[in-house]
file coords-v5.cif (mmCIF, C-alpha atoms)
data_query
loop_
_atom_site.label_atom_id
_atom_site.label_comp_id
_atom_site.auth_asym_id
_atom_site.auth_seq_id
_atom_site.Cartn_x
_atom_site.Cartn_y
_atom_site.Cartn_z
CA MET A 1 13.11 -19.40 -11.19
CA LEU A 2 12.02 -20.87 -14.51
CA ARG A 3 8.44 -21.32 -13.21
CA ILE A 4 8.30 -17.68 -12.13
CA THR A 5 9.63 -16.46 -15.47
CA LYS A 6 7.15 -18.63 -17.36
CA ALA A 7 4.26 -17.39 -15.20
CA ALA A 8 5.41 -13.80 -15.71
CA LYS A 9 5.44 -14.30 -19.49
CA HIS A 10 1.83 -15.57 -19.39
CA ALA A 11 0.84 -12.70 -17.10
CA GLU A 12 2.52 -10.18 -19.40
CA GLN A 13 0.61 -11.49 -22.44
CA TRP A 14 -2.68 -11.34 -20.54
CA LEU A 15 -1.98 -7.86 -19.18
CA GLN A 16 -1.07 -6.53 -22.62
CA SER A 17 -4.45 -7.64 -23.93
CA ILE A 18 -6.31 -5.49 -21.38
CA GLN A 19 -7.75 -2.34 -22.93
CA SER A 20 -9.81 -0.04 -20.75
CA SER A 21 -10.82 3.60 -20.48
CA ASN A 22 -10.85 3.23 -16.68
CA SER A 23 -7.67 4.85 -15.31
CA GLU A 24 -7.56 2.55 -12.25
CA ILE A 25 -7.59 -0.54 -14.45
CA ARG A 26 -4.90 0.95 -16.72
CA ASN A 27 -2.74 1.79 -13.68
CA LEU A 28 -3.10 -1.72 -12.26
CA ARG A 29 -2.26 -3.18 -15.69
CA ASP A 30 0.84 -0.98 -15.90
CA MET A 31 1.92 -2.04 -12.41
CA GLY A 32 1.52 -5.69 -13.38
CA LEU A 33 3.59 -5.13 -16.51
CA MET A 34 6.26 -3.46 -14.37
CA PHE A 35 6.40 -6.54 -12.12
CA CYS A 36 6.75 -8.78 -15.17
CA GLU A 37 9.56 -6.64 -16.57
CA THR A 38 11.36 -6.74 -13.23
CA ILE A 39 11.20 -10.53 -13.27
CA PHE A 40 12.61 -10.72 -16.79
CA THR A 41 15.46 -8.29 -16.20
CA GLN A 42 16.43 -9.47 -12.74
CA ASN A 43 16.81 -13.24 -13.08
CA ASP A 44 20.53 -13.14 -12.30
CA THR A 45 20.08 -10.63 -9.51
CA LEU A 46 17.24 -12.57 -7.90
CA LYS A 47 19.31 -15.74 -7.82
CA SER A 48 21.87 -13.98 -5.65
CA LEU A 49 19.42 -12.19 -3.35
CA ARG A 50 18.85 -14.95 -0.83
CA THR A 51 21.29 -13.22 1.45
CA THR A 52 22.86 -9.78 1.48
CA GLU A 53 26.07 -8.63 3.05
CA SER A 54 24.33 -8.96 6.40
CA SER A 55 23.55 -12.26 8.03
CA TYR A 56 19.78 -11.91 7.50
CA ASP A 57 18.41 -14.75 5.39
CA TYR A 58 15.66 -13.44 3.12
CA PRO A 59 12.99 -15.86 1.90
CA LYS A 60 14.03 -17.44 -1.38
CA GLY A 61 13.26 -15.11 -4.29
CA PHE A 62 12.56 -12.12 -2.05
CA PRO A 63 10.90 -9.68 -2.68
CA LEU A 64 8.97 -11.38 -5.50
CA SER A 65 8.22 -14.24 -3.09
CA LEU A 66 5.85 -11.79 -1.34
CA LEU A 67 3.46 -12.30 -4.26
CA GLN A 68 2.98 -15.95 -3.31
CA MET A 69 3.18 -15.64 0.48
CA GLU A 70 0.13 -16.09 2.67
CA ARG A 71 -0.80 -12.97 4.64
CA ASN A 72 0.27 -14.58 7.95
CA ASP A 73 3.69 -15.33 6.44
CA ILE A 74 4.08 -11.67 5.45
CA LEU A 75 3.15 -10.61 8.99
CA SER A 76 5.68 -13.10 10.43
CA LEU A 77 8.39 -11.93 8.04
CA ALA A 78 7.93 -8.31 9.11
CA MET A 79 8.10 -9.33 12.77
CA ASN A 80 11.23 -11.46 12.22
CA MET A 81 12.96 -8.66 10.32
CA SER A 82 12.07 -6.22 13.11
CA PHE A 83 13.69 -8.43 15.73
CA SER A 84 16.75 -9.21 13.62
CA LYS A 85 19.95 -7.53 14.75
CA SER A 86 21.31 -7.65 11.21
CA LYS A 87 21.85 -4.57 9.10
CA PHE A 88 20.05 -4.65 5.80
CA LYS A 89 22.37 -3.49 3.02
CA LEU A 90 21.33 -3.39 -0.61
CA SER A 91 22.71 -1.66 -3.66
CA SER A 92 20.88 1.48 -4.78
CA LYS A 93 19.57 -0.42 -7.83
CA GLN A 94 18.20 -3.21 -5.61
CA GLN A 95 16.65 -0.62 -3.27
CA LYS A 96 14.79 1.04 -6.15
CA GLU A 97 13.53 -2.24 -7.61
CA TRP A 98 12.59 -3.78 -4.28
CA ALA A 99 10.83 -0.58 -3.19
CA GLN A 100 8.67 -0.67 -6.33
CA ILE A 101 7.76 -4.31 -5.77
CA ILE A 102 6.99 -3.96 -2.07
CA GLY A 103 5.13 -0.69 -2.67
CA GLY A 104 2.99 -2.25 -5.39
CA ILE A 105 2.16 -5.27 -3.28
CA SER A 106 1.26 -3.06 -0.31
CA LEU A 107 -1.13 -1.04 -2.48
CA SER A 108 -2.70 -4.26 -3.68
CA TYR A 109 -3.44 -5.22 -0.08
CA ALA A 110 -4.61 -1.66 0.64
CA ARG A 111 -7.14 -1.94 -2.15
CA TYR A 112 -8.78 -4.75 -0.17
CA GLY A 113 -8.48 -2.89 3.13
CA ASP A 114 -5.99 -5.28 4.75
CA VAL A 115 -4.47 -2.81 7.22
CA PRO A 116 -2.20 -5.31 9.07
CA VAL A 117 -0.49 -6.55 5.90
CA VAL A 118 -0.08 -3.04 4.50
CA ALA A 119 1.47 -2.02 7.83
CA ALA A 120 3.78 -5.07 7.74
CA LEU A 121 4.94 -4.26 4.21
CA VAL A 122 5.50 -0.59 5.08
CA ARG A 123 7.50 -1.77 8.10
CA ILE A 124 9.66 -4.03 5.90
CA ALA A 125 10.23 -1.09 3.54
CA LYS A 126 11.23 1.13 6.46
CA LEU A 127 13.67 -1.48 7.78
CA LEU A 128 15.25 -1.65 4.33
CA GLU A 129 15.25 2.18 4.16
CA PHE A 130 13.08 2.29 1.04
CA ASP A 131 11.28 5.35 -0.21
CA ASN A 132 9.18 5.72 -3.34
CA SER A 133 5.77 7.05 -4.34
CA LEU A 134 4.03 3.67 -4.01
CA LEU A 135 5.23 3.35 -0.42
CA VAL A 136 4.17 6.92 0.30
CA ASP A 137 0.69 6.01 -0.98
CA ALA A 138 0.63 2.89 1.23
CA HIS A 139 1.68 4.97 4.24
CA SER A 140 -1.07 7.50 3.41
CA PHE A 141 -3.58 4.65 3.27
CA LEU A 142 -2.57 3.62 6.79
CA MET A 143 -2.86 7.17 8.09
CA ASP A 144 -6.33 7.47 6.53
CA GLN A 145 -7.45 4.38 8.45
CA GLN A 146 -6.32 5.66 11.82
CA GLU A 147 -8.89 7.06 14.25
CA PRO A 148 -8.23 10.24 16.30
CA ASP A 149 -7.56 8.15 19.42
CA GLY A 150 -4.76 6.28 17.63
CA THR A 151 -6.69 3.05 17.04
CA PHE A 152 -7.70 1.72 13.68
CA GLY A 153 -11.47 1.88 13.27
CA THR A 154 -11.85 -1.48 11.60
CA PHE A 155 -10.39 -3.30 14.58
CA ARG A 156 -12.23 -1.28 17.21
CA LYS A 157 -15.58 -1.83 15.47
CA GLY A 158 -14.78 -5.51 15.09
CA MET A 159 -13.97 -5.81 18.80
CA GLU A 160 -17.23 -4.04 19.79
CA SER A 161 -19.26 -6.54 17.79
CA MET A 162 -17.51 -9.41 19.59
CA GLN A 163 -18.57 -8.17 23.02
#

call {"tool": "encode", "arguments": {"input": "coords-v5.cif", "output": "structure tokens"}}
result
Amino acid sequence: MLRITKAAKHAEQWLQSIQSSNSEIRNLRDMGLMFCETIFTQNDTLKSLRTTESSYDYPKGFPLSLLQMERNDILSLAMNMSFSKSKFKLSSKQQKEWAQIIGGISLSYARYGDVPVVAALVRIAKLLEFDNSLLVDAHSFLMDQQEPDGTFGTFRKGMESMQ
């Protein structure tokens, strides 16, 4: 946890130095600062979040661990959570904080057009019964990618080029 806090402090200092008239850059900076603040204020909470009242075993440091996970690990996590028979119970404070983190990470992947990871993160949020504006934006991104026949254009076009 000390390494994460130290990295967040460095990130916060760097983010605070960013000055831009571009609203997208300012919004990304503000989101980064929000993540840093969550790390600083939630050290005690994060230490106890490895498991909840259910028997599901979250990855250590979840949901902040999503920041360091490889995309395939995020996809696997979503699949494992989907198949788990455990109920996911969190306090309302945890739900709000986790929803912001997962929503922000999903929008980061959306910015690079990674539909499968955005879908996996939205699925995790749904399983945890999260709802916030960042997740709504991620869901909207997914809907914008969908073709009228239900497929996602990126994959269909990719498959056509393989044939």

call {"tool": "closest_residue", "arguments": {"input": "coords-v5.cif", "among": "A:Ala125, A:Ile18, A:Leu64, A:Ala138", "to": "A:Ala99", "atoms": "all atoms listed in the file"}}
result
A:Ala125

call {"tool": "resolve_selection", "arguments": {"input": "coords-v5.cif", "expression": "the PyMOL selection byres ((chain A and resi 141) around 12)", "output": "list in words"}}
result
Gly103, Ser106, Leu107, Ser108, Tyr109, Ala110, Arg111, Tyr112, Gly113, Asp114, Val115, Pro116, Val117, Val118, Ala119, Val122, Leu134, Leu135, Val136, Asp137, Ala138, His139, Ser140, Leu142, Met143, Asp144, Gln145, Gln146 and Phe152 of chain A

call {"tool": "atom_distance", "arguments": {"input": "coords-v5.cif", "atom1": "atom CA of A:Asn22", "atom2": "atom CA of A:Ala7"}}
result
25.6 Å

call {"tool": "residues_around", "arguments": {"input": "coords-v5.cif", "residues": "A:Ile74", "least_positions_apart": "5", "cutoff": "8 Å", "atoms": "all atoms listed in the file", "output": "list in words"}}
result
Leu66, Met69, Val117, Ala120 and Leu121 of chain A

call {"tool": "closest_residue", "arguments": {"input": "coords-v5.cif", "among": "A:Ala11, A:Arg3, A:Ser92, A:Trp98", "to": "A:Pro63", "atoms": "all atoms listed in the file"}}
result
A:Trp98

call {"tool": "atom_distance", "arguments": {"input": "coords-v5.cif", "atom1": "atom CA of A:Asp131", "atom2": "atom CA of A:Lys9"}}
result
28.1 Å

call {"tool": "atom_distance", "arguments": {"input": "coords-v5.cif", "atom1": "atom CA of A:Ala8", "atom2": "atom CA of A:Ile105"}}
result
15.4 Å

call {"tool": "residues_around", "arguments": {"input": "coords-v5.cif", "residues": "A:Asp30", "least_positions_apart": "3", "cutoff": "12 Å", "atoms": "only C-alpha atoms", "output": "short mmCIF file (atom, residue, chain, number, x, y, z; two decimals) with C-alpha atoms, in the frame of the given file"}}
result
data_model
loop_
_atom_site.label_atom_id
_atom_site.label_comp_id
_atom_site.auth_asym_id
_atom_site.auth_seq_id
_atom_site.Cartn_x
_atom_site.Cartn_y
_atom_site.Cartn_z
CA ALA A 11 0.84 -12.70 -17.10
CA GLU A 12 2.52 -10.18 -19.40
CA TRP A 14 -2.68 -11.34 -20.54
CA LEU A 15 -1.98 -7.86 -19.18
CA GLN A 16 -1.07 -6.53 -22.62
CA SER A 17 -4.45 -7.64 -23.93
CA ILE A 18 -6.31 -5.49 -21.38
CA GLN A 19 -7.75 -2.34 -22.93
CA SER A 20 -9.81 -0.04 -20.75
CA SER A 23 -7.67 4.85 -15.31
CA GLU A 24 -7.56 2.55 -12.25
CA ILE A 25 -7.59 -0.54 -14.45
CA ARG A 26 -4.90 0.95 -16.72
CA ASN A 27 -2.74 1.79 -13.68
CA LEU A 33 3.59 -5.13 -16.51
CA MET A 34 6.26 -3.46 -14.37
CA PHE A 35 6.40 -6.54 -12.12
CA CYS A 36 6.75 -8.78 -15.17
CA GLU A 37 9.56 -6.64 -16.57
CA GLY A 104 2.99 -2.25 -5.39
#

call {"tool": "closest_residue", "arguments": {"input": "coords-v5.cif", "among": "A:Leu28, A:Ile39, A:Ile4, A:Leu127", "to": "A:Ser84", "atoms": "only C-alpha atoms"}}
result
A:Leu127
